[in-house]
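target.cif (mmCIF, C-alpha atoms; chains and numbers go by the auth columns)
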```
data_input
loop_
_atom_site.group_PDB
_atom_site.id
_atom_site.type_symbol
_atom_site.label_atom_id
_atom_site.label_comp_id
_atom_site.label_asym_id
_atom_site.label_seq_id
_atom_site.Cartn_x
_atom_site.Cartn_y
_atom_site.Cartn_z
_atom_site.B_iso_or_equiv
_atom_site.auth_seq_id
_atom_site.auth_asym_id
ATOM 1 C CA MET A 1 -16.242 -61.011 -108.607 0.00 1 A
ATOM 2 C CA LYS A 2 -17.011 -57.409 -107.834 0.00 2 A
ATOM 3 C CA ASN A 3 -19.246 -58.402 -104.942 0.00 3 A
ATOM 4 C CA THR A 4 -16.516 -60.685 -103.611 0.00 4 A
ATOM 5 C CA GLU A 5 -13.872 -57.987 -103.852 0.00 5 A
ATOM 6 C CA HIS A 6 -16.140 -55.464 -102.213 0.00 6 A
ATOM 7 C CA THR A 7 -17.006 -57.885 -99.395 0.00 7 A
ATOM 8 C CA THR A 8 -13.336 -58.646 -98.837 0.00 8 A
ATOM 9 C CA LEU A 9 -12.490 -54.938 -98.661 0.00 9 A
ATOM 10 C CA LYS A 10 -15.346 -54.314 -96.281 0.00 10 A
ATOM 11 C CA GLN A 11 -14.302 -57.164 -94.017 0.00 11 A
ATOM 12 C CA ALA A 12 -10.693 -56.014 -94.046 0.00 12 A
ATOM 13 C CA SER A 13 -11.746 -52.480 -93.199 0.00 13 A
ATOM 14 C CA GLN A 14 -13.939 -53.670 -90.359 0.00 14 A
ATOM 15 C CA HIS A 15 -11.114 -55.781 -88.992 0.00 15 A
ATOM 16 C CA PHE A 16 -8.632 -52.886 -89.210 0.00 16 A
ATOM 17 C CA TYR A 17 -10.868 -50.339 -87.532 0.00 17 A
ATOM 18 C CA ALA A 18 -11.970 -52.836 -84.897 0.00 18 A
ATOM 19 C CA GLU A 19 -8.336 -53.129 -83.888 0.00 19 A
ATOM 20 C CA GLN A 20 -8.238 -49.349 -83.514 0.00 20 A
ATOM 21 C CA GLN A 21 -11.153 -49.621 -81.058 0.00 21 A
ATOM 22 C CA LEU A 22 -13.340 -47.397 -83.209 0.00 22 A
ATOM 23 C CA PRO A 23 -16.707 -46.506 -81.621 0.00 23 A
ATOM 24 C CA ASP A 24 -19.713 -48.359 -83.046 0.00 24 A
ATOM 25 C CA ALA A 25 -21.281 -45.168 -84.340 0.00 25 A
ATOM 26 C CA SER A 26 -18.106 -44.274 -86.234 0.00 26 A
ATOM 27 C CA LEU A 27 -17.851 -47.780 -87.709 0.00 27 A
ATOM 28 C CA GLU A 28 -21.431 -47.669 -88.971 0.00 28 A
ATOM 29 C CA ARG A 29 -20.723 -44.320 -90.589 0.00 29 A
ATOM 30 C CA PHE A 30 -17.656 -45.749 -92.312 0.00 30 A
ATOM 31 C CA GLU A 31 -19.674 -48.710 -93.615 0.00 31 A
ATOM 32 C CA GLN A 32 -22.258 -46.334 -95.019 0.00 32 A
ATOM 33 C CA LEU A 33 -19.558 -44.426 -96.866 0.00 33 A
ATOM 34 C CA LEU A 34 -18.310 -47.644 -98.465 0.00 34 A
ATOM 35 C CA SER A 35 -21.737 -48.564 -99.744 0.00 35 A
ATOM 36 C CA VAL A 36 -22.812 -45.100 -100.977 0.00 36 A
ATOM 37 C CA GLU A 37 -23.667 -44.985 -104.630 0.00 37 A
ATOM 38 C CA LYS A 38 -22.185 -48.477 -105.223 0.00 38 A
ATOM 39 C CA SER A 39 -24.258 -49.327 -108.278 0.00 39 A
ATOM 40 C CA ASP A 40 -23.762 -45.874 -109.756 0.00 40 A
ATOM 41 C CA LEU A 41 -19.987 -46.100 -109.377 0.00 41 A
ATOM 42 C CA GLU A 42 -19.890 -49.542 -110.991 0.00 42 A
ATOM 43 C CA ASP A 43 -21.934 -48.316 -113.942 0.00 43 A
ATOM 44 C CA ARG A 44 -19.593 -45.342 -114.432 0.00 44 A
ATOM 45 C CA LEU A 45 -16.357 -47.291 -113.983 0.00 45 A
ATOM 46 C CA PRO A 46 -15.607 -47.574 -117.764 0.00 46 A
ATOM 47 C CA GLU A 47 -16.291 -43.885 -118.195 0.00 47 A
ATOM 48 C CA LEU A 48 -14.017 -42.938 -115.293 0.00 48 A
ATOM 49 C CA LYS A 49 -11.198 -45.133 -116.629 0.00 49 A
ATOM 50 C CA SER A 50 -11.476 -43.581 -120.067 0.00 50 A
ATOM 51 C CA SER A 51 -11.577 -40.074 -118.629 0.00 51 A
ATOM 52 C CA SER A 52 -8.553 -40.618 -116.368 0.00 52 A
ATOM 53 C CA SER A 53 -6.480 -41.919 -119.309 0.00 53 A
ATOM 54 C CA LYS A 54 -7.175 -38.817 -121.378 0.00 54 A
ATOM 55 C CA ARG A 55 -6.711 -35.948 -118.915 0.00 55 A
ATOM 56 C CA PHE A 56 -6.190 -34.992 -115.311 0.00 56 A
ATOM 57 C CA ASN A 57 -9.487 -34.236 -113.553 0.00 57 A
ATOM 58 C CA PRO A 58 -9.087 -31.737 -110.705 0.00 58 A
ATOM 59 C CA SER A 59 -12.693 -32.242 -109.621 0.00 59 A
ATOM 60 C CA ALA A 60 -12.127 -35.943 -109.128 0.00 60 A
ATOM 61 C CA LEU A 61 -9.002 -35.250 -107.129 0.00 61 A
ATOM 62 C CA VAL A 62 -10.855 -32.803 -104.897 0.00 62 A
ATOM 63 C CA ALA A 63 -13.660 -35.314 -104.394 0.00 63 A
ATOM 64 C CA SER A 64 -11.161 -38.038 -103.497 0.00 64 A
ATOM 65 C CA VAL A 65 -9.388 -35.798 -101.028 0.00 65 A
ATOM 66 C CA GLY A 66 -12.709 -34.856 -99.489 0.00 66 A
ATOM 67 C CA VAL A 67 -13.720 -38.488 -99.017 0.00 67 A
ATOM 68 C CA ALA A 68 -10.325 -39.294 -97.527 0.00 68 A
ATOM 69 C CA ALA A 69 -10.638 -36.384 -95.138 0.00 69 A
ATOM 70 C CA VAL A 70 -14.057 -37.536 -93.974 0.00 70 A
ATOM 71 C CA ILE A 71 -12.848 -41.115 -93.443 0.00 71 A
ATOM 72 C CA GLY A 72 -9.759 -39.875 -91.633 0.00 72 A
ATOM 73 C CA SER A 73 -11.798 -37.641 -89.364 0.00 73 A
ATOM 74 C CA ILE A 74 -13.918 -40.612 -88.307 0.00 74 A
ATOM 75 C CA TRP A 75 -10.850 -42.413 -87.017 0.00 75 A
ATOM 76 C CA LEU A 76 -8.741 -39.468 -85.875 0.00 76 A
ATOM 77 C CA ALA A 77 -11.315 -37.374 -84.027 0.00 77 A
ATOM 78 C CA PRO A 78 -11.918 -39.775 -81.103 0.00 78 A
ATOM 79 C CA ASN A 79 -8.198 -40.479 -80.793 0.00 79 A
ATOM 80 C CA LEU A 80 -7.210 -36.813 -80.853 0.00 80 A
ATOM 81 C CA SER A 81 -9.708 -36.058 -78.127 0.00 81 A
ATOM 82 C CA PHE A 82 -8.297 -38.881 -76.046 0.00 82 A
ATOM 83 C CA ASN A 83 -4.719 -37.712 -76.553 0.00 83 A
ATOM 84 C CA ARG A 84 -5.538 -34.143 -75.547 0.00 84 A
ATOM 85 C CA ALA A 85 -7.106 -35.424 -72.354 0.00 85 A
ATOM 86 C CA GLU A 86 -3.952 -37.361 -71.516 0.00 86 A
ATOM 87 C CA GLN A 87 -1.544 -34.459 -72.094 0.00 87 A
ATOM 88 C CA PRO A 88 -0.834 -32.166 -69.124 0.00 88 A
ATOM 89 C CA LEU A 89 -1.449 -28.437 -69.505 0.00 89 A
ATOM 90 C CA LEU A 90 2.140 -27.217 -69.540 0.00 90 A
ATOM 91 C CA SER A 91 1.159 -23.552 -69.304 0.00 91 A
ATOM 92 C CA SER A 92 -0.885 -24.056 -66.136 0.00 92 A
ATOM 93 C CA SER A 93 0.571 -23.932 -62.636 0.00 93 A
ATOM 94 C CA PRO A 94 -0.920 -24.493 -59.187 0.00 94 A
ATOM 95 C CA MET A 95 -2.601 -21.320 -57.997 0.00 95 A
ATOM 96 C CA THR A 96 -0.961 -19.751 -54.985 0.00 96 A
ATOM 97 C CA SER A 97 -3.344 -19.550 -52.048 0.00 97 A
ATOM 98 C CA ALA A 98 -4.049 -16.327 -50.181 0.00 98 A
ATOM 99 C CA PRO A 99 -2.081 -17.422 -47.072 0.00 99 A
ATOM 100 C CA GLN A 100 0.903 -18.332 -49.248 0.00 100 A
ATOM 101 C CA ARG A 101 0.790 -14.987 -51.048 0.00 101 A
ATOM 102 C CA GLN A 102 0.635 -13.219 -47.690 0.00 102 A
ATOM 103 C CA GLN A 103 3.623 -15.166 -46.372 0.00 103 A
ATOM 104 C CA GLN A 104 5.580 -14.228 -49.471 0.00 104 A
ATOM 105 C CA MET A 105 4.664 -10.552 -49.029 0.00 105 A
ATOM 106 C CA VAL A 106 5.659 -10.564 -45.346 0.00 106 A
ATOM 107 C CA ALA A 107 8.992 -12.208 -46.170 0.00 107 A
ATOM 108 C CA SER A 108 9.621 -9.696 -48.979 0.00 108 A
ATOM 109 C CA ILE A 109 8.865 -6.703 -46.748 0.00 109 A
ATOM 110 C CA ALA A 110 11.071 -8.060 -43.954 0.00 110 A
ATOM 111 C CA PHE A 111 13.935 -8.724 -46.352 0.00 111 A
ATOM 112 C CA GLU A 112 13.756 -5.196 -47.761 0.00 112 A
ATOM 113 C CA VAL A 113 13.569 -3.272 -44.475 0.00 113 A
ATOM 114 C CA THR A 114 16.309 -5.277 -42.781 0.00 114 A
ATOM 115 C CA LYS A 115 18.594 -4.578 -45.737 0.00 115 A
ATOM 116 C CA ASN A 116 17.994 -0.857 -45.249 0.00 116 A
ATOM 117 C CA HIS A 117 18.471 -1.186 -41.517 0.00 117 A
ATOM 118 C CA ILE A 118 21.841 -2.903 -41.871 0.00 118 A
ATOM 119 C CA LYS A 119 23.078 -0.319 -44.376 0.00 119 A
ATOM 120 C CA LEU A 120 21.954 2.617 -42.207 0.00 120 A
ATOM 121 C CA LYS A 121 22.467 5.291 -44.824 0.00 121 A
ATOM 122 C CA PRO A 122 23.030 8.854 -43.569 0.00 122 A
ATOM 123 C CA LEU A 123 19.980 10.622 -42.180 0.00 123 A
ATOM 124 C CA GLU A 124 18.490 13.409 -44.297 0.00 124 A
ATOM 125 C CA VAL A 125 16.972 15.182 -41.318 0.00 125 A
ATOM 126 C CA THR A 126 18.275 15.038 -37.752 0.00 126 A
ATOM 127 C CA SER A 127 16.257 16.026 -34.712 0.00 127 A
ATOM 128 C CA GLN A 128 14.939 14.615 -31.494 0.00 128 A
ATOM 129 C CA ASP A 129 11.657 16.413 -32.121 0.00 129 A
ATOM 130 C CA PHE A 130 9.156 14.251 -34.004 0.00 130 A
ATOM 131 C CA ASN A 131 7.288 17.194 -35.531 0.00 131 A
ATOM 132 C CA THR A 132 10.516 18.581 -36.983 0.00 132 A
ATOM 133 C CA VAL A 133 11.265 15.218 -38.554 0.00 133 A
ATOM 134 C CA ARG A 134 7.696 14.788 -39.818 0.00 134 A
ATOM 135 C CA ASN A 135 7.666 18.232 -41.459 0.00 135 A
ATOM 136 C CA TYR A 136 10.669 17.235 -43.536 0.00 136 A
ATOM 137 C CA PHE A 137 8.684 14.631 -45.525 0.00 137 A
ATOM 138 C CA THR A 138 6.882 17.012 -47.865 0.00 138 A
ATOM 139 C CA GLN A 139 7.021 14.624 -50.832 0.00 139 A
ATOM 140 C CA LEU A 140 4.884 11.949 -49.209 0.00 140 A
ATOM 141 C CA ASP A 141 1.179 11.426 -49.873 0.00 141 A
ATOM 142 C CA PHE A 142 0.640 10.898 -46.151 0.00 142 A
ATOM 143 C CA SER A 143 1.807 12.380 -42.880 0.00 143 A
ATOM 144 C CA PRO A 144 4.097 10.212 -40.710 0.00 144 A
ATOM 145 C CA GLN A 145 2.552 9.468 -37.334 0.00 145 A
ATOM 146 C CA LEU A 146 3.755 8.700 -33.834 0.00 146 A
ATOM 147 C CA SER A 147 3.000 5.060 -33.211 0.00 147 A
ATOM 148 C CA ARG A 148 1.301 4.108 -29.966 0.00 148 A
ATOM 149 C CA HIS A 149 2.448 0.558 -30.440 0.00 149 A
ATOM 150 C CA PHE A 150 6.067 0.878 -31.534 0.00 150 A
ATOM 151 C CA PRO A 151 7.566 1.757 -28.103 0.00 151 A
ATOM 152 C CA GLN A 152 6.014 -1.436 -26.689 0.00 152 A
ATOM 153 C CA LEU A 153 7.932 -3.587 -29.195 0.00 153 A
ATOM 154 C CA THR A 154 11.375 -2.555 -28.031 0.00 154 A
ATOM 155 C CA SER A 155 13.280 -3.584 -24.937 0.00 155 A
ATOM 156 C CA THR A 156 15.027 -0.225 -24.475 0.00 156 A
ATOM 157 C CA VAL A 157 14.114 3.435 -24.233 0.00 157 A
ATOM 158 C CA LEU A 158 14.124 5.072 -27.650 0.00 158 A
ATOM 159 C CA THR A 159 15.347 8.528 -28.586 0.00 159 A
ATOM 160 C CA MET A 160 14.380 10.103 -31.894 0.00 160 A
ATOM 161 C CA ALA A 161 17.415 10.649 -34.117 0.00 161 A
ATOM 162 C CA GLY A 162 15.937 11.687 -37.470 0.00 162 A
ATOM 163 C CA GLY A 163 14.727 10.239 -40.727 0.00 163 A
ATOM 164 C CA ARG A 164 15.174 9.786 -44.472 0.00 164 A
ATOM 165 C CA TYR A 165 13.167 8.799 -47.524 0.00 165 A
ATOM 166 C CA CYS A 166 13.083 5.130 -48.498 0.00 166 A
ATOM 167 C CA SER A 167 10.614 2.682 -50.049 0.00 167 A
ATOM 168 C CA ILE A 168 8.679 -0.456 -49.228 0.00 168 A
ATOM 169 C CA GLN A 169 7.721 -2.634 -52.185 0.00 169 A
ATOM 170 C CA SER A 170 8.302 0.329 -54.521 0.00 170 A
ATOM 171 C CA GLU A 171 6.008 2.555 -52.434 0.00 171 A
ATOM 172 C CA THR A 172 7.661 5.755 -51.164 0.00 172 A
ATOM 173 C CA ALA A 173 8.083 5.550 -47.402 0.00 173 A
ATOM 174 C CA ALA A 174 9.559 7.366 -44.438 0.00 174 A
ATOM 175 C CA GLN A 175 12.330 5.736 -42.453 0.00 175 A
ATOM 176 C CA LEU A 176 12.286 7.018 -38.880 0.00 176 A
ATOM 177 C CA ARG A 177 15.409 6.188 -36.937 0.00 177 A
ATOM 178 C CA TYR A 178 15.665 5.872 -33.165 0.00 178 A
ATOM 179 C CA ARG A 179 18.671 5.541 -30.928 0.00 179 A
ATOM 180 C CA SER A 180 18.237 3.081 -28.093 0.00 180 A
ATOM 181 C CA THR A 181 21.286 4.174 -26.098 0.00 181 A
ATOM 182 C CA PRO A 182 21.835 7.335 -24.057 0.00 182 A
ATOM 183 C CA GLU A 183 22.382 10.457 -26.120 0.00 183 A
ATOM 184 C CA PRO A 184 26.129 10.769 -26.891 0.00 184 A
ATOM 185 C CA SER A 185 28.144 13.714 -25.640 0.00 185 A
ATOM 186 C CA ALA A 186 29.104 16.654 -27.850 0.00 186 A
ATOM 187 C CA ALA A 187 32.359 14.893 -28.698 0.00 187 A
ATOM 188 C CA GLY A 188 30.547 11.688 -29.528 0.00 188 A
ATOM 189 C CA PRO A 189 29.415 10.332 -32.907 0.00 189 A
ATOM 190 C CA SER A 190 27.140 12.408 -35.089 0.00 190 A
ATOM 191 C CA ASP A 191 23.462 11.675 -35.725 0.00 191 A
ATOM 192 C CA THR A 192 24.100 10.961 -39.382 0.00 192 A
ATOM 193 C CA GLU A 193 26.910 8.432 -38.904 0.00 193 A
ATOM 194 C CA PRO A 194 25.962 5.785 -36.321 0.00 194 A
ATOM 195 C CA SER A 195 28.676 4.380 -34.099 0.00 195 A
ATOM 196 C CA PRO A 196 29.295 0.624 -34.092 0.00 196 A
ATOM 197 C CA THR A 197 28.670 0.637 -30.335 0.00 197 A
ATOM 198 C CA GLU A 198 25.244 2.258 -30.642 0.00 198 A
ATOM 199 C CA LYS A 199 21.999 0.382 -30.895 0.00 199 A
ATOM 200 C CA TRP A 200 19.403 1.450 -33.422 0.00 200 A
ATOM 201 C CA SER A 201 15.783 0.809 -34.179 0.00 201 A
ATOM 202 C CA THR A 202 14.043 1.874 -37.360 0.00 202 A
ATOM 203 C CA LEU A 203 10.359 2.430 -38.004 0.00 203 A
ATOM 204 C CA TYR A 204 9.155 2.459 -41.607 0.00 204 A
ATOM 205 C CA GLN A 205 5.857 4.061 -42.557 0.00 205 A
ATOM 206 C CA THR A 206 3.991 4.187 -45.841 0.00 206 A
ATOM 207 C CA GLN A 207 0.400 4.482 -46.972 0.00 207 A
ATOM 208 C CA TYR A 208 -1.368 1.141 -46.539 0.00 208 A
ATOM 209 C CA SER A 209 -3.081 -0.448 -49.522 0.00 209 A
ATOM 210 C CA LYS A 210 -4.619 -3.894 -49.297 0.00 210 A
ATOM 211 C CA ASN A 211 -4.152 -4.357 -53.032 0.00 211 A
ATOM 212 C CA THR A 212 -0.414 -3.777 -52.664 0.00 212 A
ATOM 213 C CA PHE A 213 0.396 -5.361 -49.311 0.00 213 A
ATOM 214 C CA GLY A 214 -2.468 -7.797 -48.815 0.00 214 A
ATOM 215 C CA GLN A 215 -4.358 -8.315 -45.584 0.00 215 A
ATOM 216 C CA LEU A 216 -2.263 -7.210 -42.599 0.00 216 A
ATOM 217 C CA PRO A 217 -3.214 -6.918 -38.911 0.00 217 A
ATOM 218 C CA HIS A 218 -4.828 -3.664 -37.734 0.00 218 A
ATOM 219 C CA ILE A 219 -3.912 -2.920 -34.133 0.00 219 A
ATOM 220 C CA GLU A 220 -6.970 -0.661 -33.714 0.00 220 A
ATOM 221 C CA GLN A 221 -9.030 -3.807 -34.231 0.00 221 A
ATOM 222 C CA GLY A 222 -7.151 -5.675 -31.533 0.00 222 A
ATOM 223 C CA GLN A 223 -5.020 -7.677 -33.957 0.00 223 A
ATOM 224 C CA ALA A 224 -1.435 -8.445 -32.982 0.00 224 A
ATOM 225 C CA PRO A 225 1.404 -7.402 -35.295 0.00 225 A
ATOM 226 C CA ILE A 226 3.118 -10.002 -37.428 0.00 226 A
ATOM 227 C CA GLU A 227 6.471 -10.870 -35.870 0.00 227 A
ATOM 228 C CA THR A 228 9.120 -12.431 -38.059 0.00 228 A
ATOM 229 C CA TYR A 229 12.889 -12.523 -38.534 0.00 229 A
ATOM 230 C CA SER A 230 15.075 -11.653 -41.500 0.00 230 A
ATOM 231 C CA ARG A 231 18.874 -11.406 -41.693 0.00 231 A
ATOM 232 C CA GLY A 232 18.971 -12.174 -37.975 0.00 232 A
ATOM 233 C CA LEU A 233 16.850 -9.129 -37.067 0.00 233 A
ATOM 234 C CA LYS A 234 13.397 -9.001 -35.536 0.00 234 A
ATOM 235 C CA VAL A 235 10.722 -7.422 -37.705 0.00 235 A
ATOM 236 C CA ASN A 236 7.173 -6.434 -36.735 0.00 236 A
ATOM 237 C CA ILE A 237 4.552 -5.548 -39.334 0.00 237 A
ATOM 238 C CA TRP A 238 1.159 -3.979 -38.658 0.00 238 A
ATOM 239 C CA VAL A 239 -1.349 -1.330 -39.801 0.00 239 A
ATOM 240 C CA GLU A 240 -1.983 1.692 -37.627 0.00 240 A
ATOM 241 C CA ARG A 241 -4.027 4.745 -38.580 0.00 241 A
ATOM 242 C CA GLN A 242 -4.234 3.358 -42.113 0.00 242 A
ATOM 243 C CA LEU A 243 -0.448 3.413 -42.409 0.00 243 A
ATOM 244 C CA LEU A 244 1.684 0.353 -42.923 0.00 244 A
ATOM 245 C CA MET A 245 4.270 0.323 -40.147 0.00 245 A
ATOM 246 C CA VAL A 246 7.305 -1.927 -40.022 0.00 246 A
ATOM 247 C CA SER A 247 9.796 -1.889 -37.182 0.00 247 A
ATOM 248 C CA VAL A 248 13.289 -3.391 -37.152 0.00 248 A
ATOM 249 C CA GLU A 249 15.456 -3.784 -34.093 0.00 249 A
ATOM 250 C CA ASP A 250 19.201 -4.000 -34.082 0.00 250 A
ATOM 251 C CA ALA A 251 20.489 -7.458 -33.143 0.00 251 A
ATOM 252 C CA ALA A 252 22.267 -6.028 -30.097 0.00 252 A
ATOM 253 C CA SER A 253 19.002 -4.626 -28.683 0.00 253 A
ATOM 254 C CA LEU A 254 16.995 -7.871 -28.776 0.00 254 A
#
```
Written as structure tokens, that's how I'd like the structure from this file.
Amino acid sequence: MKNTEHTTLKQASQHFYAEQQLPDASLERFEQLLSVEKSDLEDRLPELKSSSSKRFNPSALVASVGVAAVIGSIWLAPNLSFNRAEQPLLSSSPMTSAPQRQQQMVASIAFEVTKNHIKLKPLEVTSQDFNTVRNYFTQLDFSPQLSRHFPQLTSTVLTMAGGRYCSIQSETAAQLRYRSTPEPSAAGPSDTEPSPTEKWSTLYQTQYSKNTFGQLPHIEQGQAPIETYSRGLKVNIWVERQLLMVSVEDAASL
């Protein structure tokens, strides 16, 4: 009877795990566990029954839990691996390519400088002399430079008006402001408060860092500036003399 019961249990187990599509190697291991120490267990069955009726045996409980854990690992391990493979990595996201990052940086720079251009805050230094304006920026880690390229980007003659401190992507910068209309008379508007009828161009300069701003065109290497639009204004971005330069033209001067 014992052999019959054992055979029935074995067959039932095989049938159950076959339905779970258990690998052959795992099934063989399970069969081995069922047949381990069979004769020894049968011989000790009366002793185990007597012992269990008298007292609780922690060692037996630990052994039973251990066997159950081993059997469970045979069935669960392949399935857990399969489930992990099916689940998407929620914490991962598509990596942004270098061209995409550069487009985002260009758009961010353009958005920032056009905002400053539209606001046109009062100038901190006013002069038509570039050296006078440049000498004002003593808190910069660089010296503002006359651009050889900037005058070619505008459609009108520019007159220096002055400058003020600003920033580009959290980097301290100089905002150089130019008037693109004839110099007003003595009774006309002041340099610090632009008239609505005047046309203005601004040139922003800051120290260029590839790590901060990415790869931008160098005009000394024959590369053309990046031309884009933001808030309806034309923006040009380039590197000249190792300075990042960004120009913005008033909508009326385009």
Kindly indicate which residue among A:Glu124, A:Asp129, A:Glu112, A:Glu171 lies nearest to Ser230 in chain A, using only C-alpha atoms for the distances.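 Smallest distance to Ser230 in chain A is found for A:Glu112.
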Shortest interatomic distance to Tyr204 in chain A - which of A:Leu176, A:Ile226, A:Ile237, A:Ile109, counting all atoms listed in the file: A:Leu176
Closest atom pairs, residues of range 115-181 of chain A within 10 Å of range 207-219 of chain A, only C-alpha atoms, as a Markdown table:
```
| residue | atom | partner | partner_atom | distance |
| --- | --- | --- | --- | --- |
| A:Leu140 | CA | A:Gln207 | CA | 9.0 |
| A:Asp141 | CA | A:Gln207 | CA | 7.6 |
| A:Phe142 | CA | A:Gln207 | CA | 6.5 |
| A:Ser143 | CA | A:Gln207 | CA | 9.0 |
| A:Pro144 | CA | A:Gln207 | CA | 9.3 |
| A:Arg148 | CA | A:Ile219 | CA | 9.7 |
| A:His149 | CA | A:Ile219 | CA | 8.1 |
| A:Ile168 | CA | A:Phe213 | CA | 9.6 |
| A:Gln169 | CA | A:Thr212 | CA | 8.2 |
| A:Ser170 | CA | A:Thr212 | CA | 9.8 |
| A:Glu171 | CA | A:Gln207 | CA | 8.1 |
| A:Thr172 | CA | A:Gln207 | CA | 8.5 |
| A:Ala173 | CA | A:Gln207 | CA | 7.8 |
| A:Ala174 | CA | A:Gln207 | CA | 9.9 |
```
Selection from above, C-alpha atoms, as a PDB file, in the coordinates of the input, can you write it?
```pdb
ATOM      1  CA  LEU A 140       4.884  11.949 -49.209  1.00  0.00           C
ATOM      2  CA  ASP A 141       1.179  11.426 -49.873  1.00  0.00           C
ATOM      3  CA  PHE A 142       0.640  10.898 -46.151  1.00  0.00           C
ATOM      4  CA  SER A 143       1.807  12.380 -42.880  1.00  0.00           C
ATOM      5  CA  PRO A 144       4.097  10.212 -40.710  1.00  0.00           C
ATOM      6  CA  ARG A 148       1.301   4.108 -29.966  1.00  0.00           C
ATOM      7  CA  HIS A 149       2.448   0.558 -30.440  1.00  0.00           C
ATOM      8  CA  ILE A 168       8.679  -0.456 -49.228  1.00  0.00           C
ATOM      9  CA  GLN A 169       7.721  -2.634 -52.185  1.00  0.00           C
ATOM     10  CA  SER A 170       8.302   0.329 -54.521  1.00  0.00           C
ATOM     11  CA  GLU A 171       6.008   2.555 -52.434  1.00  0.00           C
ATOM     12  CA  THR A 172       7.661   5.755 -51.164  1.00  0.00           C
ATOM     13  CA  ALA A 173       8.083   5.550 -47.402  1.00  0.00           C
ATOM     14  CA  ALA A 174       9.559   7.366 -44.438  1.00  0.00           C
TER      15      ALA A 174
END
```
Just give me the gap between CA of Val239 in chain A and CA of Ile118 in chain A in Å, one decimal is fine.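 Spanning CA of Val239 in chain A to CA of Ile118 in chain A is a straight-line distance of 23.3 Å.
You will find CA of Arg134 in chain A at 8.4 Å from CA of Gly163 in chain A.
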Quick check, in Å to one decimal: how far apart do CA of Leu153 in chain A and CA of Val106 in chain A lie? 17.7 Å
